[in-house]
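Engineer: Just protein00.cif, nothing more (mmCIF, C-alpha atoms):
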data_query
#
loop_
_atom_site.group_PDB
_atom_site.id
_atom_site.type_symbol
_atom_site.label_atom_id
_atom_site.label_comp_id
_atom_site.auth_asym_id
_atom_site.auth_seq_id
_atom_site.Cartn_x
_atom_site.Cartn_y
_atom_site.Cartn_z
ATOM 1 C CA MET A 158 17.794 19.118 -4.015
ATOM 2 C CA SER A 159 14.805 21.389 -4.187
ATOM 3 C CA THR A 160 11.211 20.529 -4.874
ATOM 4 C CA PRO A 161 9.797 23.403 -6.892
ATOM 5 C CA ARG A 162 6.109 24.186 -6.870
ATOM 6 C CA ALA A 163 4.209 25.690 -9.784
ATOM 7 C CA VAL A 164 2.538 29.037 -9.234
ATOM 8 C CA GLY A 165 -0.168 30.438 -11.464
ATOM 9 C CA THR A 166 -3.150 29.365 -13.449
ATOM 10 C CA LEU A 167 -2.936 27.474 -16.706
ATOM 11 C CA GLY A 168 -5.148 28.873 -19.429
ATOM 12 C CA ASP A 169 -5.780 27.950 -23.024
ATOM 13 C CA GLN A 170 -3.365 27.868 -25.927
ATOM 14 C CA ASP A 171 -2.868 30.977 -27.986
ATOM 15 C CA ASP A 172 -2.982 31.046 -31.775
ATOM 16 C CA ASN A 173 0.624 29.873 -31.928
ATOM 17 C CA GLY A 174 0.040 26.871 -29.728
ATOM 18 C CA MET A 175 1.702 28.409 -26.695
ATOM 19 C CA TRP A 176 0.142 27.828 -23.295
ATOM 20 C CA ILE A 177 -1.023 30.889 -21.416
ATOM 21 C CA VAL A 178 -0.159 30.983 -17.713
ATOM 22 C CA GLU A 179 -1.232 33.826 -15.493
ATOM 23 C CA THR A 180 0.359 34.659 -12.192
ATOM 24 C CA GLY A 181 0.329 37.849 -10.165
ATOM 25 C CA GLY A 182 -1.606 39.635 -12.837
ATOM 26 C CA VAL A 183 1.034 38.901 -15.447
ATOM 27 C CA THR A 184 0.613 36.522 -18.370
ATOM 28 C CA TYR A 185 3.371 34.204 -19.569
ATOM 29 C CA LEU A 186 3.578 31.849 -22.511
ATOM 30 C CA LEU A 187 4.946 28.327 -22.225
ATOM 31 C CA ASN A 188 5.615 25.839 -24.985
ATOM 32 C CA ASP A 189 4.498 22.220 -24.625
ATOM 33 C CA THR A 190 7.712 21.050 -23.011
ATOM 34 C CA ALA A 191 7.882 23.949 -20.577
ATOM 35 C CA ARG A 192 4.253 23.393 -19.646
ATOM 36 C CA ALA A 193 4.911 19.695 -18.977
ATOM 37 C CA ILE A 194 7.868 20.510 -16.735
ATOM 38 C CA TRP A 195 5.975 23.301 -14.989
ATOM 39 C CA GLU A 196 3.128 20.919 -14.207
ATOM 40 C CA LEU A 197 5.601 18.459 -12.697
ATOM 41 C CA CYS A 198 6.407 21.090 -10.096
ATOM 42 C CA ASP A 199 4.074 19.834 -7.383
ATOM 43 C CA GLY A 200 6.255 20.692 -4.390
ATOM 44 C CA HIS A 201 7.111 17.023 -3.875
ATOM 45 C CA THR A 202 8.931 15.953 -7.014
ATOM 46 C CA THR A 203 12.610 16.831 -6.861
ATOM 47 C CA THR A 204 14.517 18.544 -9.603
ATOM 48 C CA ASP A 205 16.669 15.434 -9.904
ATOM 49 C CA GLU A 206 13.593 13.263 -10.438
ATOM 50 C CA MET A 207 12.382 15.539 -13.193
ATOM 51 C CA ILE A 208 15.757 15.576 -14.885
ATOM 52 C CA ASP A 209 15.962 11.816 -14.652
ATOM 53 C CA ALA A 210 12.482 11.366 -16.141
ATOM 54 C CA ILE A 211 13.239 13.668 -19.041
ATOM 55 C CA SER A 212 16.512 11.909 -19.699
ATOM 56 C CA VAL A 213 14.852 8.491 -19.607
ATOM 57 C CA LEU A 214 11.959 9.576 -21.768
ATOM 58 C CA THR A 215 13.838 11.470 -24.431
ATOM 59 C CA GLY A 216 17.134 9.627 -24.482
ATOM 60 C CA LEU A 217 18.923 12.894 -23.772
ATOM 61 C CA ALA A 218 22.169 12.600 -21.847
ATOM 62 C CA GLU A 219 21.515 13.496 -18.222
ATOM 63 C CA ASP A 220 23.932 16.420 -18.337
ATOM 64 C CA ARG A 221 22.062 17.891 -21.276
ATOM 65 C CA ALA A 222 18.679 17.288 -19.667
ATOM 66 C CA ARG A 223 19.917 18.916 -16.473
ATOM 67 C CA LYS A 224 21.154 21.950 -18.326
ATOM 68 C CA ASP A 225 17.838 22.366 -20.151
ATOM 69 C CA VAL A 226 15.665 21.879 -17.088
ATOM 70 C CA LEU A 227 17.690 24.156 -14.847
ATOM 71 C CA SER A 228 17.720 26.828 -17.503
ATOM 72 C CA ALA A 229 13.940 26.612 -17.742
ATOM 73 C CA PHE A 230 13.605 26.741 -13.958
ATOM 74 C CA GLU A 231 15.789 29.794 -13.736
ATOM 75 C CA GLU A 232 13.467 31.637 -16.097
ATOM 76 C CA MET A 233 10.358 30.330 -14.367
ATOM 77 C CA ALA A 234 11.652 31.300 -10.939
ATOM 78 C CA ALA A 235 12.549 34.769 -12.173
ATOM 79 C CA SER A 236 9.036 35.120 -13.576
ATOM 80 C CA GLY A 237 7.385 33.867 -10.403
ATOM 81 C CA LEU A 238 6.026 30.755 -12.100
ATOM 82 C CA ILE A 239 7.663 28.443 -9.553
ATOM 83 C CA THR A 240 8.669 28.691 -5.941
ATOM 84 C CA GLY A 241 10.994 26.532 -3.886
ATOM 85 C CA TRP A 242 13.669 26.270 -6.514
ATOM 86 C CA GLU A 243 17.205 27.019 -5.478
ATOM 87 C CA ARG A 244 20.086 27.931 -7.684
ATOM 88 C CA ARG A 245 22.362 25.514 -5.859
ATOM 89 C CA ASP A 246 20.617 22.804 -7.876
ATOM 90 C CA GLN A 247 22.734 23.948 -10.747
ATOM 91 C CA SER A 248 25.870 22.484 -9.249
ATOM 92 C CA MET B 219 19.960 -11.164 -37.036
ATOM 93 C CA ASN B 220 18.485 -14.584 -36.592
ATOM 94 C CA PRO B 221 17.345 -16.108 -39.893
ATOM 95 C CA ALA B 222 15.475 -18.821 -38.035
ATOM 96 C CA SER B 223 13.318 -16.344 -36.156
ATOM 97 C CA PRO B 224 9.595 -16.887 -36.673
ATOM 98 C CA THR B 225 8.845 -13.216 -36.108
ATOM 99 C CA PRO B 226 6.421 -12.155 -38.830
ATOM 100 C CA LEU B 227 7.079 -8.913 -40.599
ATOM 101 C CA ALA B 228 4.516 -7.030 -42.544
ATOM 102 C CA GLY B 229 4.925 -4.580 -45.368
ATOM 103 C CA CYS B 230 8.137 -6.152 -46.522
ATOM 104 C CA GLN B 231 9.836 -3.997 -49.067
ATOM 105 C CA THR B 232 13.453 -4.172 -49.973
ATOM 106 C CA LYS B 233 14.987 -1.538 -52.166
ATOM 107 C CA SER B 234 18.454 -0.657 -53.261
ATOM 108 C CA VAL B 235 20.046 1.135 -50.334
ATOM 109 C CA PRO B 236 22.732 3.759 -50.743
ATOM 110 C CA GLU B 237 25.081 3.521 -47.810
ATOM 111 C CA ASP B 238 24.204 6.923 -46.401
ATOM 112 C CA ARG B 239 20.466 6.299 -46.342
ATOM 113 C CA LYS B 240 18.537 5.250 -43.297
ATOM 114 C CA GLN B 241 17.377 1.698 -42.835
ATOM 115 C CA VAL B 242 13.872 1.493 -41.469
ATOM 116 C CA CYS B 243 12.180 -1.740 -40.522
ATOM 117 C CA LEU B 244 8.402 -1.680 -40.594
ATOM 118 C CA ARG B 245 6.263 -4.036 -38.593
ATOM 119 C CA GLY B 246 2.547 -3.818 -38.328
ATOM 120 C CA ASP B 247 -0.845 -5.395 -38.009
ATOM 121 C CA ASP B 248 -2.369 -3.108 -40.615
ATOM 122 C CA LEU B 249 -0.785 -4.205 -43.870
ATOM 123 C CA ASP B 250 -2.416 -1.449 -45.867
ATOM 124 C CA PHE B 251 -1.040 1.240 -43.567
ATOM 125 C CA VAL B 252 2.400 -0.306 -43.637
ATOM 126 C CA GLU B 253 2.400 -0.365 -47.425
ATOM 127 C CA ARG B 254 1.393 3.279 -47.592
ATOM 128 C CA LEU B 255 3.958 4.180 -44.968
ATOM 129 C CA ALA B 256 6.628 2.342 -46.914
ATOM 130 C CA SER B 257 5.884 4.485 -49.941
ATOM 131 C CA SER B 258 5.750 7.659 -47.898
ATOM 132 C CA LEU B 259 9.056 7.006 -46.185
ATOM 133 C CA ALA B 260 10.755 6.408 -49.489
ATOM 134 C CA ASN B 261 9.849 9.952 -50.442
ATOM 135 C CA VAL B 262 11.850 11.457 -47.619
ATOM 136 C CA ASP B 263 15.023 9.603 -48.332
ATOM 137 C CA VAL B 264 14.424 6.842 -45.882
ATOM 138 C CA THR B 265 14.724 3.396 -47.293
ATOM 139 C CA VAL B 266 12.449 0.654 -46.144
ATOM 140 C CA THR B 267 13.745 -2.804 -45.705
ATOM 141 C CA SER B 268 12.640 -5.847 -43.837
ATOM 142 C CA SER B 269 14.460 -9.057 -44.244
ATOM 143 C CA GLY B 270 13.952 -10.607 -40.852
ATOM 144 C CA ASP B 271 14.159 -9.391 -37.283
ATOM 145 C CA PRO B 272 15.264 -5.806 -36.837
ATOM 146 C CA GLY B 273 18.944 -5.748 -36.151
ATOM 147 C CA ALA B 274 21.885 -3.496 -35.829
ATOM 148 C CA ASP B 275 21.726 -2.720 -39.533
ATOM 149 C CA HIS B 276 18.450 -0.869 -39.035
ATOM 150 C CA ASP B 277 18.341 2.724 -37.878
ATOM 151 C CA VAL B 278 14.705 2.774 -36.805
ATOM 152 C CA VAL B 279 11.915 0.288 -36.289
ATOM 153 C CA VAL B 280 8.351 1.452 -36.799
ATOM 154 C CA TRP B 281 5.982 -0.935 -35.104
ATOM 155 C CA GLN B 282 2.283 -0.428 -35.625
ATOM 156 C CA MET B 283 0.238 -2.564 -33.256
ATOM 157 C CA ASP B 284 -3.519 -2.874 -32.952
ATOM 158 C CA GLY B 285 -3.636 -4.787 -29.679
ATOM 159 C CA GLU B 286 -1.581 -5.041 -26.533
ATOM 160 C CA VAL B 287 2.082 -4.195 -26.505
ATOM 161 C CA PRO B 288 4.164 -7.399 -26.711
ATOM 162 C CA ARG B 289 6.429 -6.102 -24.017
ATOM 163 C CA ALA B 290 9.169 -8.724 -24.084
ATOM 164 C CA SER B 291 9.549 -8.503 -27.863
ATOM 165 C CA LEU B 292 9.484 -4.737 -27.798
ATOM 166 C CA GLU B 293 12.085 -4.584 -25.028
ATOM 167 C CA GLU B 294 14.332 -6.883 -27.024
ATOM 168 C CA ILE B 295 14.042 -4.903 -30.221
ATOM 169 C CA ALA B 296 14.109 -1.443 -28.642
ATOM 170 C CA SER B 297 17.299 -2.316 -26.806
ATOM 171 C CA VAL B 298 18.997 -2.750 -30.168
ATOM 172 C CA VAL B 299 17.238 -0.329 -32.509
ATOM 173 C CA PRO B 300 15.399 2.922 -31.653
ATOM 174 C CA THR B 301 11.754 2.012 -32.002
ATOM 175 C CA LEU B 302 8.709 4.085 -32.836
ATOM 176 C CA VAL B 303 5.506 2.491 -31.614
ATOM 177 C CA MET B 304 2.155 3.295 -33.138
ATOM 178 C CA ALA B 305 -0.626 2.122 -30.907
ATOM 179 C CA SER B 306 -3.677 3.156 -28.966
ATOM 180 C CA THR B 307 -2.839 5.871 -26.445
ATOM 181 C CA SER B 308 -3.932 3.455 -23.714
ATOM 182 C CA ARG B 309 -0.759 1.489 -24.593
ATOM 183 C CA LEU B 310 1.464 4.515 -24.203
ATOM 184 C CA TYR B 311 2.883 3.619 -20.804
ATOM 185 C CA ASP B 312 3.551 0.015 -21.793
ATOM 186 C CA ALA B 313 5.371 1.101 -24.917
ATOM 187 C CA VAL B 314 7.522 3.665 -23.145
ATOM 188 C CA ASP B 315 8.268 1.329 -20.250
ATOM 189 C CA ALA B 316 9.449 -1.234 -22.766
ATOM 190 C CA GLY B 317 11.908 1.262 -24.161
ATOM 191 C CA ALA B 318 10.155 2.778 -27.171
ATOM 192 C CA ARG B 319 11.973 5.905 -28.318
ATOM 193 C CA GLY B 320 8.852 7.349 -29.847
ATOM 194 C CA PHE B 321 5.133 6.969 -29.699
ATOM 195 C CA LEU B 322 2.339 7.965 -32.031
ATOM 196 C CA PRO B 323 -1.366 7.226 -31.819
ATOM 197 C CA LEU B 324 -2.832 4.889 -34.398
ATOM 198 C CA ASP B 325 -4.574 7.723 -36.184
ATOM 199 C CA ALA B 326 -1.348 9.607 -36.840
ATOM 200 C CA ASP B 327 -1.084 10.489 -40.494
ATOM 201 C CA LEU B 328 1.746 9.506 -42.786
ATOM 202 C CA ASP B 329 3.391 12.904 -42.576
ATOM 203 C CA GLN B 330 3.571 12.637 -38.800
ATOM 204 C CA VAL B 331 5.084 9.188 -39.022
ATOM 205 C CA THR B 332 7.565 10.268 -41.633
ATOM 206 C CA SER B 333 8.645 13.195 -39.508
ATOM 207 C CA ALA B 334 8.902 10.997 -36.427
ATOM 208 C CA VAL B 335 11.075 8.485 -38.236
ATOM 209 C CA SER B 336 13.462 11.218 -39.301
ATOM 210 C CA THR B 337 13.622 12.568 -35.763
ATOM 211 C CA ILE B 338 14.334 9.198 -34.235
ATOM 212 C CA ALA B 339 16.817 8.227 -36.924
ATOM 213 C CA ASN B 340 18.747 11.358 -35.994
ATOM 214 C CA GLY B 341 18.866 10.525 -32.304
ATOM 215 C CA GLY B 342 15.749 12.307 -31.106
ATOM 216 C CA ALA B 343 12.623 11.146 -29.353
ATOM 217 C CA VAL B 344 9.007 11.590 -30.366
ATOM 218 C CA ILE B 345 6.263 12.132 -27.819
ATOM 219 C CA PRO B 346 2.980 13.796 -28.772
ATOM 220 C CA PRO B 347 2.987 17.141 -26.912
ATOM 221 C CA GLU B 348 -0.420 16.522 -25.403
ATOM 222 C CA LEU B 349 0.881 13.322 -23.802
ATOM 223 C CA LEU B 350 4.215 14.644 -22.570
ATOM 224 C CA GLY B 351 3.062 15.829 -19.149
ATOM 225 C CA GLN B 352 1.299 12.643 -18.150
ATOM 226 C CA LEU B 353 4.161 10.589 -19.487
ATOM 227 C CA LEU B 354 6.751 12.489 -17.486
ATOM 228 C CA ARG B 355 4.641 11.981 -14.367
ATOM 229 C CA HIS B 356 4.393 8.275 -15.173
ATOM 230 C CA VAL B 357 8.158 7.966 -15.577
ATOM 231 C CA VAL B 358 8.761 9.789 -12.278
ATOM 232 C CA GLU B 359 6.405 7.391 -10.489
ATOM 233 C CA ARG B 360 7.939 4.365 -12.192
ATOM 234 C CA ARG B 361 11.449 5.405 -11.217
ATOM 235 C CA ARG B 362 10.312 5.920 -7.622
ATOM 236 C CA THR B 363 8.865 2.425 -7.629
ATOM 237 C CA GLU B 364 12.086 1.029 -9.013
ATOM 238 C CA THR B 365 14.063 2.834 -6.321
ATOM 239 C CA VAL B 366 11.847 1.456 -3.565
ATOM 240 C CA ARG B 367 12.149 -2.034 -5.015
ATOM 241 C CA ARG B 368 15.917 -1.766 -5.118
ATOM 242 C CA GLU B 369 16.061 -0.478 -1.556
ATOM 243 C CA VAL B 370 13.802 -3.260 -0.317
ATOM 244 C CA ALA B 371 15.765 -5.912 -2.176
ATOM 245 C CA ASP B 372 19.048 -4.523 -0.843
ATOM 246 C CA ALA B 373 17.829 -4.312 2.740
ATOM 247 C CA LEU B 374 16.297 -7.752 3.071
ATOM 248 C CA THR B 375 17.692 -11.254 3.001
ATOM 249 C CA SER B 376 16.313 -13.545 0.327
ATOM 250 C CA ARG B 377 14.005 -15.237 2.849
ATOM 251 C CA GLU B 378 12.815 -11.927 4.248
ATOM 252 C CA LEU B 379 12.134 -10.806 0.710
ATOM 253 C CA GLU B 380 9.983 -13.865 0.109
ATOM 254 C CA VAL B 381 8.020 -13.134 3.267
ATOM 255 C CA TYR B 382 7.763 -9.454 2.328
ATOM 256 C CA ASN B 383 6.466 -10.232 -1.162
ATOM 257 C CA LEU B 384 3.638 -12.266 0.282
ATOM 258 C CA ALA B 385 2.930 -9.927 3.184
ATOM 259 C CA VAL B 386 2.554 -6.837 1.019
ATOM 260 C CA ARG B 387 -0.071 -8.692 -0.973
ATOM 261 C CA GLY B 388 -2.050 -9.199 2.209
ATOM 262 C CA ALA B 389 -1.240 -12.842 2.932
ATOM 263 C CA ARG B 390 -1.863 -13.892 6.518
ATOM 264 C CA ARG B 391 0.925 -15.297 8.617
ATOM 265 C CA ASP B 392 -0.371 -18.873 8.350
ATOM 266 C CA GLU B 393 -0.721 -18.518 4.592
ATOM 267 C CA ILE B 394 2.842 -17.292 4.275
ATOM 268 C CA ALA B 395 4.020 -20.158 6.464
ATOM 269 C CA GLU B 396 2.230 -22.706 4.336
ATOM 270 C CA LYS B 397 3.496 -21.264 1.095
ATOM 271 C CA LEU B 398 7.106 -21.059 2.222
ATOM 272 C CA PHE B 399 7.071 -24.330 4.198
ATOM 273 C CA ILE B 400 8.076 -22.649 7.434
ATOM 274 C CA SER B 401 6.328 -22.255 10.767
ATOM 275 C CA PRO B 402 4.097 -19.280 11.602
ATOM 276 C CA ASP B 403 6.504 -18.362 14.398
ATOM 277 C CA THR B 404 9.341 -18.193 11.896
ATOM 278 C CA VAL B 405 7.183 -16.015 9.675
ATOM 279 C CA ARG B 406 6.579 -13.711 12.608
ATOM 280 C CA THR B 407 10.305 -13.467 13.257
ATOM 281 C CA HIS B 408 10.992 -12.641 9.613
ATOM 282 C CA LEU B 409 8.207 -10.091 9.575
ATOM 283 C CA GLN B 410 9.531 -8.368 12.672
ATOM 284 C CA ARG B 411 12.928 -8.066 11.015
ATOM 285 C CA VAL B 412 11.331 -6.777 7.834
ATOM 286 C CA TYR B 413 9.351 -4.174 9.776
ATOM 287 C CA LYS B 414 12.445 -3.016 11.600
ATOM 288 C CA LYS B 415 14.560 -2.779 8.453
ATOM 289 C CA LEU B 416 11.882 -0.913 6.533
ATOM 290 C CA GLY B 417 10.867 1.314 9.417
ATOM 291 C CA VAL B 418 7.259 0.171 9.705
ATOM 292 C CA HIS B 419 5.322 -1.306 12.582
ATOM 293 C CA SER B 420 2.649 -3.512 11.081
ATOM 294 C CA GLN B 421 1.626 -5.425 7.998
ATOM 295 C CA THR B 422 -0.987 -2.792 7.260
ATOM 296 C CA GLU B 423 1.674 -0.129 7.307
ATOM 297 C CA LEU B 424 3.912 -2.316 5.186
ATOM 298 C CA MET B 425 1.166 -2.642 2.596
ATOM 299 C CA SER B 426 0.572 1.084 2.540
ATOM 300 C CA GLU B 427 4.269 1.906 2.355
ATOM 301 C CA GLN B 428 5.166 -0.372 -0.527
ATOM 302 C CA VAL B 429 4.921 1.203 -3.927
ATOM 303 C CA GLY B 430 3.618 -0.650 -6.927
ATOM 304 C CA GLY B 431 4.421 -4.135 -5.724
ATOM 305 C CA ALA B 432 7.640 -5.664 -4.686
ATOM 306 C CA PRO B 433 10.052 -7.612 -6.842
ATOM 307 C CA THR B 434 8.992 -11.190 -7.168
ATOM 308 C CA GLU B 435 11.754 -13.559 -6.256
ATOM 309 C CA GLU B 436 11.365 -17.319 -6.174
ATOM 310 C CA THR B 437 8.334 -17.315 -3.985
ATOM 311 C CA GLY B 438 6.637 -19.890 -6.121
ATOM 312 C CA ASP B 439 3.777 -17.462 -6.194
ATOM 313 C CA THR B 440 3.091 -17.106 -9.849
#
Would you kindly transcribe this structure into structure tokens?
Structural biologist:
Amino acid sequence: MSTPRAVGTLGDQDDNGMWIVETGGVTYLLNDTARAIWELCDGHTTTDEMIDAISVLTGLAEDRARKDVLSAFEEMAASGLITGWERRDQS
Amino acid sequence: MNPASPTPLAGCQTKSVPEDRKQVCLRGDDLDFVERLASSLANVDVTVTSSGDPGADHDVVVWQMDGEVPRASLEEIASVVPTLVMASTSRLYDAVDAGARGFLPLDADLDQVTSAVSTIANGGAVIPPELLGQLLRHVVERRRTETVRREVADALTSRELEVYNLAVRGARRDEIAEKLFISPDTVRTHLQRVYKKLGVHSQTELMSEQVGGAPTEETGDT
């Protein structure tokens, strides 16, 4: 299980309440939930721990939480917003 | 539902309840707020009722609390009915740890509460966005602590666990011996086994390795 690490600098919110994150000269927008998950990526917390916490906190079934988190990570990894995430976590 | 329960309920309002409408139980220290909330909820097709302790016939409990979170009561209620807690943000962790499905600060307006009730009644959870990150981190840490506690409890005998619980709090060997009515040499033997099982080499290391306190188990140390 991987331990993703956030990459980039968190800025302010835009007019629509989205969080502005800049990395590699490119700006991305994250909603509140994505920002919270992104900030959990400290290089030590495992993907499983994050999924578990979200499931516990929201009451979402773990399968659903896993699907949502891994989907978000896939996008973040593709955008360079996290490192250390591996697709095998999706198993 | 226990009719003999002394649990006080505020803002009691009972209205005719069509079967398909939600049953919301309101509890609160601020009677005025509860009354206003009762009226507000009625406007969004949520019926307010309170005829005793929240029970399986309620869909949501809204519990507004001015002071500390009554953890045992909240755990009991939240295990039966999804519960929205309104409290100071300093109580957030206590409320969530006790199983609250939603949390709002005390200054949340009626529209926010109404929306939160609808969300929770439909199986969702309500966490203020600005608190989500810190709350997720808190839950991760809490789950780690629980895991460590389970591993410690599984690895040690009941006597070793008693010694461990005192040792991680910094008790000296003679203090542990006195408290557990055993000799200091026996304490040393138990400690050596504890160190070996937990992969540490000293009491100092034990204290630094343990996370958030160990499970208390019949140590008489209350």
Engineer: Nearest residue to chain A out of B:Thr337, B:Asn383, B:Thr422, B:Thr375, using only C-alpha atoms?
Structural biologist: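 So, comparing all the options, the nearest one is B:Thr337.
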Engineer: Which polymer residues have any atom within 8 Å of an atom of B:Thr301, counting all atoms listed in the file, with same-chain residues fewer than 4 positions away left out, as a PyMOL selection string?
Structural biologist: chain B and resi 278-281+295-296+317-320+338
Engineer: Quick check, in Å to one decimal: how far apart do atom CA of A:Gly237 and atom CA of A:Asn173 lie?
Structural biologist: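 For atom CA of A:Gly237 relative to atom CA of A:Asn173, the distance reads 22.9 Å.
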Engineer: Using all atoms listed in the file, tabulate the residues of chain B lying at most 9 Å from any atom of chain A, each with its closest atom pair and that distance in Å to one decimal, by chain and increasing residue number, as a tab-separated table.
Structural biologist:
residue	atom	partner	partner_atom	distance
B:Val314	CA	A:Leu214	CA	7.5
B:Gly317	CA	A:Leu214	CA	8.7
B:Ala318	CA	A:Leu214	CA	8.9
B:Arg319	CA	A:Thr215	CA	7.0
B:Gly320	CA	A:Thr215	CA	8.4
B:Gly341	CA	A:Gly216	CA	8.1
B:Gly342	CA	A:Thr215	CA	7.0
B:Ala343	CA	A:Thr215	CA	5.1
B:Val344	CA	A:Thr215	CA	7.7
B:Ile345	CA	A:Thr215	CA	8.3
B:Pro347	CA	A:Asp189	CA	5.8
B:Glu348	CA	A:Asp189	CA	7.6
B:Leu349	CA	A:Ala193	CA	9.0
B:Leu350	CA	A:Ala193	CA	6.2
B:Gly351	CA	A:Ala193	CA	4.3
B:Gln352	CA	A:Ala193	CA	8.0
B:Leu353	CA	A:Leu214	CA	8.2
B:Leu354	CA	A:Ala210	CA	6.0
B:Arg355	CA	A:Leu197	CA	6.8
B:His356	CA	A:Ala210	CA	8.7
B:Val357	CA	A:Ala210	CA	5.5
B:Val358	CA	A:Ala210	CA	5.6
B:Arg361	CA	A:Ala210	CA	7.8
B:Arg362	CA	A:Glu206	CA	8.5
Engineer: Determine the residue membership of the PyMOL selection byres ((chain A and resi 228) around 12) for the file above and supply it as a PyMOL selection string.
Structural biologist: chain A and resi 191+194+204+208+221-227+229-235+242+244+246-247
Engineer: So that I can check the surroundings of B:Ala389, please list as a ChimeraX atom specification every protein, DNA and RNA residue that reaches within 12 Å of it, counting all atoms listed in the file and ignoring chain neighbours fewer than 5 positions away.
Structural biologist: /B:380-384,394-398,405,409,421-422,424-425,439
Engineer: Run the PyMOL selection byres ((chain A and resi 240) around 6) on the file and write out the hits as a ChimeraX atom specification.
Structural biologist: /A:161-162,239,241-242
Engineer: Report the distance between atom CA of B:His276 and atom CA of B:Pro300 in Å, rounded to one decimal place.
Structural biologist: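 Distance between the two atoms: 8.8 Å.
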Engineer: How many Å separate atom CA of B:Thr332 from atom CA of B:Asp247?
Structural biologist: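 Separation of atom CA of B:Thr332 and atom CA of B:Asp247: 18.1 Å.
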